[in-house]
Structure formats: structure tokens, C-alpha cells
Amino acid sequence: MRKFENQVQLVKYEVLKEVARLTFRDQLEALYVRIPNVVDPGPEPRFRCCIHHERAVTKERIRMAMGGTPAIPGVVEVLDSACDQCPVSRYKVTESCRGCLAHRCQASCPVGAIQMIQGKAIIDESKCVECGRCQAACPYNAIVDNLRPCMRACPVDALSINAQKKAVIDYGKCIQCGACVYNCPFGAIQDKSEIVPIIRKLMAARQPGAPQVYAVIAPAFASQFNYANLGQIITGIKRLGFRDVVEAALGADLVAVHEAGELLSHLEDHRYMTSSCCPAFVDFIHKKHPQALENVSGTVSPMIAASRLIKSVDPSAVTVFIGPCIAKKAEKALPDLDGITDYVMTFEELLSLLDAREIRLEELAESPMNNASYYGRIFAGAGGLSKAVVATALKLAPDSGVKAVAAIGDGIKACDKLLKLAKANRLEGNFIEGMACEGGCIKGPVSLHHGAKDLKALEAYAKMALEEDAISATRIFEEVEIDLGRTLEKELA
């Protein structure tokens, strides 16, 4: 039996696998009839109140596997039928209430939702607007906050609750980091999938003269399929129909060299520069720290760099990034990057495709991996990006003034603090690494697992590299013209 991190991941996988299976067989016309009965055979439900509710949720998961709702601007959506099990009211009065004479909770409520009944405070749920003033006012801490997990996880307060007590995403605030997707205990928030068009491109590539499909795999893959060797994973991806598998770490080497040169130039007129590899971090700067935009690196991400590298060799290529990140689905569609990386697939989705084709990784022969450097491969862990960029900058110009210690934004809250310090001219270091996910990309929301051994697996993979550093790894591309710049002003226009 395949082991899953939790039951949410299991049910999501089951739907994705069945959609993939029907797509490979060209039988999608029956998916809404067949899949609910396969995933939820009944007669008893596994998780919900009844089998009918369970199948209704499965149909919404099918819709997300088919690309979600086009009219919704974000890459994550709330599944209406699945969002119904969280506490109805956020604030509750506990037994600690002493029925004091002050009644500060009642006086603080702006909508008159608190009454005193038999010496105890009672909150009228129909009136409560969840402002939290009563909790702050209570001298006994007798009012508890049952903040929903999705709202607690969101680093930018983009989630609220509507009149039907359903979660609502404010896409004007959302940075597509996927924290809500990973933290919802009922899987009621999910990312849109592109597996159907990806599979169709893979099937079409079998025809003579058809565009070939290339995979760009994130270095975080080293920590994912722990039951197979890394070379077997590469072979398994090729078995799906991909012409070749290119390490995103090779793109990271290109980025490290380009961004190091940019850093040296940028510091001639500015106090610091930030990374630009994490699209959720860049989006966060746009929405929360626009004054820092002039200090954001203009270098593309490793995903874009690797895709441009592939298309410089094969202009008709179709590129698919495979990784642990939801925000990459938003990045590839940005105005100045659209069409470079054609599709994004998560590790969860990759597993579904492999199992739909009954490809057993552990039984395959190993394929060689593209030769990225140690520095390119450690981009996936917190601190790895800055280590690569700073080390490269110091090698290019040892007396440049680049500080050997960078400021590492490990998670959005840490990034927020660093950007505030930079604004106040109190930043230590002159390069900020911004990562939306705590721990780095290996802790992305759609990773197969988030274990304590992930960083060790990444380090072992990085040490397999033959090249000493990013400069050595990219010398082979000196004759190949690859545009590694981006136009940040166009983003989110």
C-alpha cells in the first residue's frame, strides 16, 4: 500500500489518478459518472455525513482536476461542498466566565451580540461579526478564538468567512502560496490542475514530427519518492512520454551566475537586493511592500531559466515544470513570462500520473541526471539560494562589498520582518533571500510529504553533483544565448 501523509492527500490523489487514467484512455466523457462511484463506492461514506455528500465533494475535486473555474482568477479555489465542517462560530465563551459586574465583553461588542444570561456571557452567533473585541476585553481570558486553520495559516489575511460560514479568498490579497491548501483539514481548498492538457500533449508527442514534451524537475524531488532511487524517478518520468528530464537546478545555476552579476551592479546604487525565484514572495512585495520593488532582482526563476534553455535548443518544445509549488502555476502565466513554461505539475499530480500508467519506480533502471552543481541543487532548501548567489558574487568579485552573510526570509512572516528592517536601514547583509514556505521549496504545499529527513535527502542529492559551483556548471552554455531577465513592472497589471 502506498503511504500518504494524511487522508486529504489520499482522496485528492484518488481523484487525480482516475482523471489521469481516463485521459490516457481518451474516455473523459464519462468522468463525472464513473469517478465518484470508483472513489466513493458506498454504501457507507468514509469521511462525510452520507455517501451523497461525499460524491458531491468528489465531483468538485474532479472539476479542479479538469482545470477549475476559469472565471476565478487565482490558482486555488474553495470547494463549496467540502467547506462545511469547521466551527460555525469563531469566538466561544468557556466555563472560565465568572459573570463579572464589569461586563467589559458586552460593552466592547460593536453589534450587541453578547447577552448576560444567568450570570454568564452568551454570544449570539447570528449577530457576531468575529471582530475579537470581546476576547481582548475579557479579564479572565474566558473567550477563546476558534480561528479556522486556513485563516490561521494564511500569511496575508486573504481568507474570510461569508454569511454561509464558507471560506472566501480575497484574490487581491492572495499570493498563491498554498498555505491554506496544505493546512485545511478537510481539503476544502485545492489548486487547479493541468494534468489533462499535459497528458494530451504527451499523447500527441507520439506522432511523427509532433512537438516533444520536456520535464523540468525541481531539486525538491530528491526528498519525495523515498522508495526509489533518483535515477529511477527520471526513468519513470520518461516512461510517461517526456522526451527528456532537465533539472531545474541547472536553471538555478544559470540564475545564480546572472543574479550574482546583477547583485554586484545593483549594490553600486542601492543598499540591498532581494531574490526573485519565489513567485509568492515577489507577489507579496507587490502587495505589501511596493516601496521595495526597485530592489527586487530582475532575474528569472530557475523554472523559467531551464524552460528557456530547452527552447533555445528545441524551439517547438513543450515544457512542463514538476515541483512542490502552487505559486509556480501563477508565475508561468505572468504577462512577461507567459508561454515560456507551458505547464506546471505538482509532485502530487506526478504520482497520480505514474500510478495511472502503473509505472513502478522501484522496478525501473536508472537514468542519468543533468549535471547541475551543488549550489544549484541546494536552492530548494531555505538559505540555499542566498548561499549560491553570494558565493558566486564573491568568486566573481572578491572585493565587491557583498556581505558573506545574507538575510534569509524563511517564510512570509520572516520576509515581512526583513523588508521592514531594510526600509528602516537596519538590515544585516545586502541580499535578501525570500521564501514563502518555511524550510524552503522542499516544504512546499503540494509535496508528497514534509518529513524531518527532507533536508538530508536534498543535501545528499546536492553532494552527488560533479561540478564545483554554478560558474563551472554553466560554462557549457556560454555560447548559447538565454534571456534571464524579467520585467517586474508588468506583473499583476
# chains A, B, ... in the order shown; residues from 1 in each chain; ligands from 1
$ closest_atom_pairs --of "region 114-176 of chain A" --to "region 284-287 of chain A" --cutoff "9 Å" --atoms "only C-alpha atoms" --output "CSV"
residue,atom,partner,partner_atom,distance
A:Val156,CA,A:Phe284,CA,8.2
A:Gly172,CA,A:Lys287,CA,8.3
A:Lys173,CA,A:Lys287,CA,6.9
A:Cys174,CA,A:Phe284,CA,8.5
A:Ile175,CA,A:Phe284,CA,6.1
$ write_last_selection --atoms "N, CA and C atoms" --output "short mmCIF file (atom, residue, chain, number, x, y, z; two decimals), in the first residue's frame"
data_model
loop_
_atom_site.label_atom_id
_atom_site.label_comp_id
_atom_site.auth_asym_id
_atom_site.auth_seq_id
_atom_site.Cartn_x
_atom_site.Cartn_y
_atom_site.Cartn_z
N VAL A 156 -1.15 36.47 4.71
CA VAL A 156 -1.51 37.80 4.22
C VAL A 156 -2.97 38.14 4.49
N GLY A 172 -7.28 39.70 -4.31
CA GLY A 172 -6.49 40.93 -4.31
C GLY A 172 -5.39 40.90 -3.27
N LYS A 173 -5.56 40.06 -2.25
CA LYS A 173 -4.54 39.91 -1.21
C LYS A 173 -3.73 38.62 -1.37
N CYS A 174 -4.35 37.59 -1.93
CA CYS A 174 -3.75 36.26 -2.03
C CYS A 174 -2.46 36.29 -2.83
N ILE A 175 -1.43 35.58 -2.33
CA ILE A 175 -0.15 35.49 -3.03
C ILE A 175 0.07 34.08 -3.58
#
$ closest_atom_pairs --of "region 166-236 of chain A" --to "region 311-332 of chain A" --cutoff "7 Å" --atoms "only C-alpha atoms" --output "CSV"
residue,atom,partner,partner_atom,distance
A:Gln176,CA,A:Ala327,CA,5.0
A:Cys177,CA,A:Ala327,CA,5.4
A:Gly178,CA,A:Ile326,CA,5.9
A:Asp191,CA,A:Ile326,CA,6.9
A:Pro211,CA,A:Ser316,CA,5.6
A:Gln212,CA,A:Ala317,CA,5.3
A:Val213,CA,A:Val318,CA,4.6
A:Tyr214,CA,A:Thr319,CA,5.0
A:Ala215,CA,A:Val320,CA,4.9
A:Val216,CA,A:Phe321,CA,4.6
A:Ile217,CA,A:Ile322,CA,4.8
A:Ala218,CA,A:Gly323,CA,5.0
A:Ala220,CA,A:Gly323,CA,6.9
$ atom_distance --atom1 "CA of Val402 (chain A)" --atom2 "CA of Ala388 (chain A)"
12.9 Å
$ select_by_dssp --residues "region 326-404 of chain A" --states "alpha helix (DSSP H)" --output "PyMOL selection string"
chain A and resi 327-331+347-356+374-377+384-396
$ closest_residue --among "A:Leu334, A:Val246, A:Ala452, A:Ala292" --to "Ala305 (chain A)" --atoms "only C-alpha atoms"
A:Val246
$ residues_around --residues "Phe431 (chain A)" --least-positions-apart "2" --cutoff "7 Å" --atoms "only C-alpha atoms" --output "ChimeraX atom specification"
/A:272-274,406-407,429,433
$ write_last_selection --atoms "C-alpha atoms" --output "PDB file, in the first residue's frame"
ATOM      1  CA  TYR A 272      20.328  45.788  -0.858  1.00  0.00           C
ATOM      2  CA  MET A 273      18.698  43.469  -3.399  1.00  0.00           C
ATOM      3  CA  THR A 274      16.143  40.687  -2.942  1.00  0.00           C
ATOM      4  CA  ALA A 406      22.716  37.054   3.626  1.00  0.00           C
ATOM      5  CA  ALA A 407      19.352  37.831   5.209  1.00  0.00           C
ATOM      6  CA  GLY A 429      23.625  41.852   4.908  1.00  0.00           C
ATOM      7  CA  GLU A 433      16.504  35.597   0.127  1.00  0.00           C
TER       8      GLU A 433
END
$ closest_residue --among "A:Thr474, A:Ser297, A:Thr23, A:Ser81" --to "Asn371 (chain A)" --atoms "only C-alpha atoms"
A:Thr474
$ residues_around --residues "region 118-126 of chain A" --least-positions-apart "4" --cutoff "6 Å" --atoms "only C-alpha atoms" --output "list in words"
Gly99, Ala113 and Ile114 of chain A
$ atom_distance --atom1 "CA of Arg308 (chain A)" --atom2 "CA of Cys415 (chain A)"
28.5 Å
$ atom_distance --atom1 "CA of Ser193 (chain A)" --atom2 "CA of Gly67 (chain A)"
5.0 Å
$ closest_atom_pairs --of "region 285-375 of chain A" --to "region 224-240 of chain A" --cutoff "9 Å" --atoms "only C-alpha atoms" --output "Markdown table"
| residue | atom | partner | partner_atom | distance |
| --- | --- | --- | --- | --- |
| A:Phe347 | CA | A:Gln224 | CA | 7.8 |
| A:Leu350 | CA | A:Ile237 | CA | 8.3 |
| A:Leu351 | CA | A:Phe225 | CA | 8.9 |
| A:Leu353 | CA | A:Leu240 | CA | 7.7 |
| A:Leu354 | CA | A:Leu240 | CA | 7.1 |
| A:Arg357 | CA | A:Leu240 | CA | 7.6 |
| A:Ile359 | CA | A:Gly236 | CA | 6.6 |
| A:Arg360 | CA | A:Gly236 | CA | 7.6 |
| A:Leu361 | CA | A:Gln232 | CA | 5.6 |
| A:Glu362 | CA | A:Ala228 | CA | 4.8 |
| A:Glu363 | CA | A:Gln232 | CA | 7.9 |
| A:Leu364 | CA | A:Gln232 | CA | 5.6 |
| A:Ala365 | CA | A:Gln232 | CA | 5.9 |
| A:Glu366 | CA | A:Gly231 | CA | 4.2 |
| A:Ser367 | CA | A:Gly231 | CA | 4.7 |
| A:Pro368 | CA | A:Gly231 | CA | 6.0 |
| A:Met369 | CA | A:Gly231 | CA | 6.8 |
$ write_last_selection --atoms "C-alpha atoms" --output "short mmCIF file (atom, residue, chain, number, x, y, z; two decimals), in the first residue's frame"
data_model
loop_
_atom_site.label_atom_id
_atom_site.label_comp_id
_atom_site.auth_asym_id
_atom_site.auth_seq_id
_atom_site.Cartn_x
_atom_site.Cartn_y
_atom_site.Cartn_z
CA PHE A 347 4.58 16.13 -7.15
CA LEU A 350 3.12 13.36 -10.94
CA LEU A 351 2.44 10.47 -8.56
CA LEU A 353 0.13 10.02 -13.50
CA LEU A 354 2.73 7.38 -12.66
CA ARG A 357 0.06 4.22 -16.01
CA ILE A 359 4.70 2.65 -13.57
CA ARG A 360 6.53 1.23 -10.55
CA LEU A 361 9.57 3.41 -9.99
CA GLU A 362 11.35 0.96 -7.73
CA GLU A 363 11.45 -1.63 -10.54
CA LEU A 364 12.98 0.64 -13.20
CA ALA A 365 16.53 1.03 -14.39
CA GLU A 366 18.21 4.32 -13.52
CA SER A 367 18.67 7.20 -15.96
CA PRO A 368 21.47 9.77 -15.66
CA MET A 369 20.66 13.24 -14.40
#
$ residues_around --residues "Ala179 (chain A)" --least-positions-apart "6" --cutoff "9 Å" --atoms "only C-alpha atoms" --output "list in words"
Cys150, Ala153, Cys154, Pro155, Cys437, Gly444 and Pro445 of chain A
$ residues_around --residues "region 457-467 of chain A" --least-positions-apart "4" --cutoff "12 Å" --atoms "only C-alpha atoms" --output "PyMOL selection string"
chain A and resi 218-226+229-231+247+249-250+253+368-382+384+439-443+450-453+471-476
$ write_last_selection --atoms "C-alpha atoms" --output "short mmCIF file (atom, residue, chain, number, x, y, z; two decimals), in the first residue's frame"
data_model
loop_
_atom_site.label_atom_id
_atom_site.label_comp_id
_atom_site.auth_asym_id
_atom_site.auth_seq_id
_atom_site.Cartn_x
_atom_site.Cartn_y
_atom_site.Cartn_z
CA ALA A 218 12.59 20.85 -9.16
CA PRO A 219 15.51 19.81 -6.91
CA ALA A 220 13.00 19.09 -4.14
CA PHE A 221 12.23 15.82 -5.95
CA ALA A 222 15.24 14.36 -4.09
CA SER A 223 13.14 14.21 -0.92
CA GLN A 224 9.87 12.96 -2.41
CA PHE A 225 9.86 9.40 -3.74
CA ASN A 226 11.82 7.82 -0.91
CA ASN A 229 16.45 5.98 -6.41
CA LEU A 230 16.68 9.37 -8.07
CA GLY A 231 17.68 7.86 -11.40
CA GLU A 247 17.00 19.55 -13.66
CA ALA A 249 18.83 23.02 -10.59
CA LEU A 250 20.62 23.60 -13.90
CA ASP A 253 22.97 27.58 -11.71
CA PRO A 368 21.47 9.77 -15.66
CA MET A 369 20.66 13.24 -14.40
CA ASN A 370 21.70 16.52 -15.99
CA ASN A 371 24.79 17.83 -14.33
CA ALA A 372 23.82 20.76 -12.13
CA SER A 373 26.18 21.98 -9.41
CA TYR A 374 25.92 21.57 -5.66
CA TYR A 375 24.83 25.20 -5.38
CA GLY A 376 22.09 24.83 -7.97
CA ARG A 377 20.63 21.83 -6.21
CA ILE A 378 20.53 23.39 -2.72
CA PHE A 379 18.23 26.17 -4.00
CA ALA A 380 15.35 24.03 -2.72
CA GLY A 381 16.23 24.49 0.95
CA ALA A 382 15.98 27.67 2.99
CA GLY A 384 20.43 27.58 -0.33
CA GLY A 439 12.03 25.46 5.22
CA GLY A 440 12.17 26.34 1.53
CA CYS A 441 10.74 24.66 -1.54
CA ILE A 442 11.14 21.17 -0.09
CA LYS A 443 8.34 22.12 2.31
CA HIS A 450 7.03 17.08 4.84
CA GLY A 451 9.44 14.95 6.86
CA ALA A 452 12.41 15.73 9.06
CA LYS A 453 14.71 13.85 6.67
CA ILE A 471 30.08 29.06 -12.76
CA SER A 472 31.59 25.70 -13.66
CA ALA A 473 28.18 24.15 -14.32
CA THR A 474 27.13 26.90 -16.74
CA ARG A 475 30.33 27.26 -18.79
CA ILE A 476 28.93 24.83 -21.33
#
$ residues_around --residues "region 46-51 of chain A" --least-positions-apart "2" --cutoff "10 Å" --atoms "only C-alpha atoms" --output "JSON, numbers by chain"
{"A": [7, 36, 37, 40, 41, 42, 43, 44, 53, 54, 55, 56, 57, 82, 85, 186]}
$ select_by_dssp --residues "region 230-316 of chain A" --states "strand (DSSP E or B)" --output "PyMOL selection string"
chain A and resi 244-247+273-274+296+299
$ write_last_selection --atoms "C-alpha atoms" --output "PDB file, in the first residue's frame"
ATOM      1  CA  ASP A 244      13.887  14.342 -21.597  1.00  0.00           C
ATOM      2  CA  VAL A 245      14.072  15.462 -17.985  1.00  0.00           C
ATOM      3  CA  VAL A 246      16.085  18.590 -17.196  1.00  0.00           C
ATOM      4  CA  GLU A 247      16.996  19.550 -13.660  1.00  0.00           C
ATOM      5  CA  MET A 273      18.698  43.469  -3.399  1.00  0.00           C
ATOM      6  CA  THR A 274      16.143  40.687  -2.942  1.00  0.00           C
ATOM      7  CA  VAL A 296      13.787  43.054  -6.422  1.00  0.00           C
ATOM      8  CA  THR A 299      16.488  37.671 -12.879  1.00  0.00           C
TER       9      THR A 299
END
